[in-house]
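Notes follow the structure.
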Amino acid sequence: MGHRLADLFHGRPRLQVAGLLAGPVGWLVIGYLGSLALLLVAAFWSVDPLSGLTIKSFTLENFESLVNEPVYRTIVWRTIKVALLVTLTDAIIAFPIAFYMAKLASRRGKALLVIGILLPLWSSYLVKVYAWRTLLSANGAIHWALSPIGLDTPGYGTTAVWLVMSYLWLPYMILPIYAGLERIPNSLISASEDLGAHPFTTFRRVILPLSFPAVVAGSIFTFALTLGDYITPRLVSNDQFIGNVIFANIANNQPFAAALALVPIVVMIAYLLVARKLGAFEHV
Amino acid sequence: MRRRDANSARTAWLVVAGLVVFMLVLAGCGSSSSDSSSSEELQKVGKGEGSLNLISWAGYVEPEWTKPFEAKTGCKVSDKEAGTSDEMVELMKTGQYDGVSASGNATARLVAANLVDPVNVDLVPNYKTVFSDLKDQPYNTFDGVNYGIPHGRGANLLMWNSDDVKPAPDSWDVMFDPKVAAKYKGKISAYDESSYIADAALYLKFHQPDLGIESPYELNEEQFQAAIKLLEEQRANVGEYWSEAAKQISAFAGGDVTIGTTWQYQYFALKGEGVPVAASPASQGFLPKEGATGWSDTWMLSSSAKHPNCMYEWMNWIIEPKVNAEVAEYFGEAPAQELACEETANKNFCAEYHAENPGFWKRVYYWETPLADCGNGEEDCKDYNDWVKAWTAIKG
């Protein structure tokens with residue numbers, strides 16, 4: 001029996017690949033894309049105001065209110081702005097750390113740093129956000145540390161969201177950059193030095209161009225995660241993000257929530273197209 | 001290399017185009033389902049069906065009182081906790097549950113969507129001794145038909161930090177009157193739900209009688225806009241909006257806010273932590289002079305219940321004096337059952353929660369679902385979706 005099955009696949013590479021991929025690809029198409037498509041279909045439906053039941057006939061009213069009411073523009077713009085800021089902040093913080101890990105640290109130091117970066121990922125997301133809530137509080141640790149120099153905690157708000165998200169997603173930026181820098185042969189850096197380049201020139205002309213795709217790859221994580229999160233804004237801010245409005249509507253008005261969900265999807269597609277132009281997917 | 005790239009790009013576009021066409025086709029041909037269920041009230045509670053599937057607020061279905069229930073009736077309880085009224089309505093739409101502990105801002109929607117059946121209260125012996133001001137209320141009785149069994153209730157209180165707020169306020173103007181509230185700019189704690197619009201409407205009912213607001217849940221365009229305007233002005237003074245009790249407790253304990261609207265639960269939790277908080281005293285009837293909004297929960301029977309007999313057993317069990325006392329103390333609310341007050345572990349419990357004080361509850365406006373049809377024959381009131389959208393716009 002086993003032999004016969006093996007015979008069937010022998011010399012038929014296409015059948016082998018099909019047998020191997022049928023399960024996972026089927027799951028991806030039906031379970032993942034299928035449910036996504038169903039959700040998005042709902043964006044063109046409407047809801048009966050009294051019962052909250054979906055009326056399944058084609059309408060564009062969800063998109064009309066999305067475009068016409070200024071509050072949604074404000075919220076979308078705020079979300080994108082914070083996502084970009086978080087990405088930039090994480091890139092600036094992550095690069096030196098990743099560089100130290102990849103090129104300078106001893107083997108032991110490297111292992112310790114990797115563990116140190118991964119460790120926060122092992123604790124619950126909620127615990128970390130509540131910890132930041134305590135830090136940012138009016139009488140919290142940040143207030144205590146900054147008040148001697150005449151500064152104060154930013155308190156709860158969009159600034160707090162930016163800080164907390166930058167903290168939360170930092171590991172997702174460090175690890176891809178670290179992997180990207182590891183792949184740059186040390187000989188290239190030495191060669192640049194031998195040819196008389198200033199260290200800054202070496203960084204600008206050799207290291208940065210070679211590692212830039214890795215930075216872009218990391219930025220996809222930080223950007224996408226910030227775009228979709230709604231719990232952090234809920235806990236450290238009064239300002240709403242796209243995710244909060246989707247959450248507020250998901251139960252009583254799913255069609256409108258679905259229309260809103262299209263916004264981050266469109267933004268993300270645009271971001272990925274730009275990332276592709278910048279070469280993020282070339283060496284994956 | 002180039003060709004392959006172009007090829008894969010074309011494939012990707014084809015997939016996207018295919019998905020879009022698929023979506024549009026689906027969106028176009030969906031047919032609205034309109035099933036009208038017309039099941040009769042049960043006339044007699046029969047033998048239990050062996051299991052029971054519930055949706056509840058966290059803390060309403062706990063082993064302390066479900067284990068004895070299972071032993072007594074043979075109905076095995078499985079419970080799904082929901083965090084909001086919206087979530088409860090959504091879960092009920094799946095038709096997999098026998099009953100739900102619905103707040104007043106869910107009940108009308110459940111009835112309108114035919115998700116629940118009338119309840120024959122004669123089959124629930126303990127119903128006789130439920131506080132009479134909880135019976136036949138607009139949030140549990142529709143067109144004169146009972147749709148559920150009252151479970152417990154609470155009021156949204158005005159709470160403040162007694163070190164920072166002096167003298168003790170006797171009105172919601174500390175949160176709503178822009179001049180008074182400016183004193184506490186950035187230190188006000190407001191509830192983060194569209195139903196909070198009713199708090200503003202209640203304030204206007206008292207202070208601007210010419211608007212003619214009767215119920216804070218039935219607002220026409222003019223009344224609604226006035227409430228929105230009040231909340232937009234309040235926005236500048238709000239330190240934090242809260243939706244989880246834990247979030248408000250940490251804000252009061254950390255000194256981030258000093259005054260706000262709250263539930264009895266947070267008030268007693270903060271007192272227990274030694275935070276100097278106060279709420280309206282007995283001399284003011286325990287409420288600010290305008291009264292307050294509040295909530296009253298009802299156990300409802302699903303129209304697609306597979307275990308209706310077990311559900312009837314449950315509705316009777318949960319208002320059994322001893323059980324209702326246990327639930328009320330566990331959760332922190334006033335029991336619905338009169339006789340429960342003799343069974344509480346803390347003998348002062350019913351007094352603390354004003355369970356037996358009808359004067360207190362007369363000034364409490366329980367959550368209701370805002371409906372377009374608010375009883376005047378003209379469908380000119382703002383409905384629930386309007387409230388949700390307005391709340392998003394207020395918060396900005």
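Ordered as shown in the structure tokens, chains take letters A, B, and onward, while each chain numbers its residues from 1 and ligands are numbered from 1 in the order shown.
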Exercise for review: Could you please tell me, as a ChimeraX atom specification, which residues of chain A have an atom within 6 Å of chain B when using only C-alpha atoms?
Suggested key: /A:41,51,55-58,71,138,251-252
What's the 12 Å shell around A:Glu64, counting only C-alpha atoms, without same-chain residues fewer than 2 positions away, as a tab-separated table (two decimals) with N, CA and C atoms, in the first residue's frame?
```tsv
chain	number	residue	atom	x	y	z
A	43	ALA	N	-19.34	45.21	4.26
A	43	ALA	CA	-19.19	46.66	4.18
A	43	ALA	C	-20.21	47.30	3.25
A	44	PHE	N	-20.76	46.50	2.33
A	44	PHE	CA	-21.74	47.03	1.38
A	44	PHE	C	-23.17	46.74	1.82
A	59	THR	N	-25.48	48.66	-0.70
A	59	THR	CA	-25.56	50.09	-0.44
A	59	THR	C	-24.17	50.66	-0.23
A	60	LEU	N	-24.03	51.96	-0.50
A	60	LEU	CA	-22.73	52.59	-0.27
A	60	LEU	C	-22.78	53.54	0.92
A	61	GLU	N	-23.87	53.46	1.71
A	61	GLU	CA	-24.05	54.48	2.75
A	61	GLU	C	-22.94	54.45	3.82
A	62	ASN	N	-22.38	53.24	4.09
A	62	ASN	CA	-21.29	53.17	5.06
A	62	ASN	C	-20.11	54.00	4.62
A	66	LEU	N	-18.44	57.46	6.12
A	66	LEU	CA	-17.01	57.40	6.41
A	66	LEU	C	-16.28	58.61	5.82
A	67	VAL	N	-16.69	58.99	4.60
A	67	VAL	CA	-16.03	60.09	3.90
A	67	VAL	C	-16.57	61.44	4.36
A	68	ASN	N	-17.89	61.48	4.62
A	68	ASN	CA	-18.51	62.78	4.86
A	68	ASN	C	-18.35	63.30	6.28
A	69	GLU	N	-18.19	62.40	7.25
A	69	GLU	CA	-18.11	62.89	8.62
A	69	GLU	C	-16.66	63.12	9.01
A	70	PRO	N	-16.34	64.37	9.37
A	70	PRO	CA	-14.94	64.74	9.57
A	70	PRO	C	-14.26	63.94	10.69
A	72	TYR	N	-14.10	60.86	11.32
A	72	TYR	CA	-13.38	59.65	10.88
A	72	TYR	C	-12.07	60.01	10.20
A	256	PHE	N	-20.88	48.79	9.10
A	256	PHE	CA	-20.06	50.00	9.21
A	256	PHE	C	-18.66	49.66	9.71
A	259	ALA	N	-16.70	48.42	6.83
A	259	ALA	CA	-16.27	49.51	5.96
A	259	ALA	C	-15.04	50.19	6.56
A	260	LEU	N	-15.07	50.39	7.89
A	260	LEU	CA	-13.92	50.99	8.57
A	260	LEU	C	-12.69	50.10	8.47
```
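You will find atom CA of B:Pro150 at 10.5 Å from atom CA of B:Asn324.
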Point to revise | Who sits within 7 Å of stretch 170-174 of chain A, only C-alpha atoms, same chain under 6 positions skipped, as a list in words | key: Asp90, Ala91, Ala94, Phe95, Ala98, Ile117, Leu118, Gly218, Ser219, Phe221 and Thr222 of chain A
**Study point:** stretch 30-235 of chain B: residues DSSP assigns to strand (DSSP E or B), reported as a ChimeraX atom specification
**Key:** /B:51-57,76-82,99-102,116-117,130,141-142,145-146,149-155,157-161,188-191,220
Practice item. Tell me which protein, DNA and RNA residues are within 10 Å of A:Glu182, counting only C-alpha atoms, leaving out same-chain ones fewer than 5 positions away, and put them as a ChimeraX atom specification. Key: /A:98-99,101-103,176-177,211
Point to revise | Non-local contacts of stretch 269-279 of chain B (6 Å; only C-alpha atoms; under 3 positions in same chain excluded) as a ChimeraX atom specification | key: /B:158-162,266
Check your understanding: Where does DSSP see alpha helix (DSSP H) in stretch 35-175 of chain B, if you list the residues as a PyMOL selection string?
Key -> chain B and resi 63-73+85-92+104-112+173-175
Check your understanding: In Å to one decimal, how far is atom CA of B:Ala102 from atom CA of A:Val47?
Key -> 21.0 Å
Exercise for review: Just give me the gap between atom CA of B:Ile318 and atom CA of B:Gln337 in Å, one decimal is fine.
Suggested key: 9.3 Å
Point to revise | Closest of B:Lys166, B:Ser132, B:Asn120, B:Lys306 to B:Asn357 - atom-to-atom distances counting only C-alpha atoms | key: B:Ser132
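Using only C-alpha atoms, the smallest distance between any of B:Gly291, B:Gly260, B:Pro216, B:Pro167 and B:Lys187 comes from B:Gly260.
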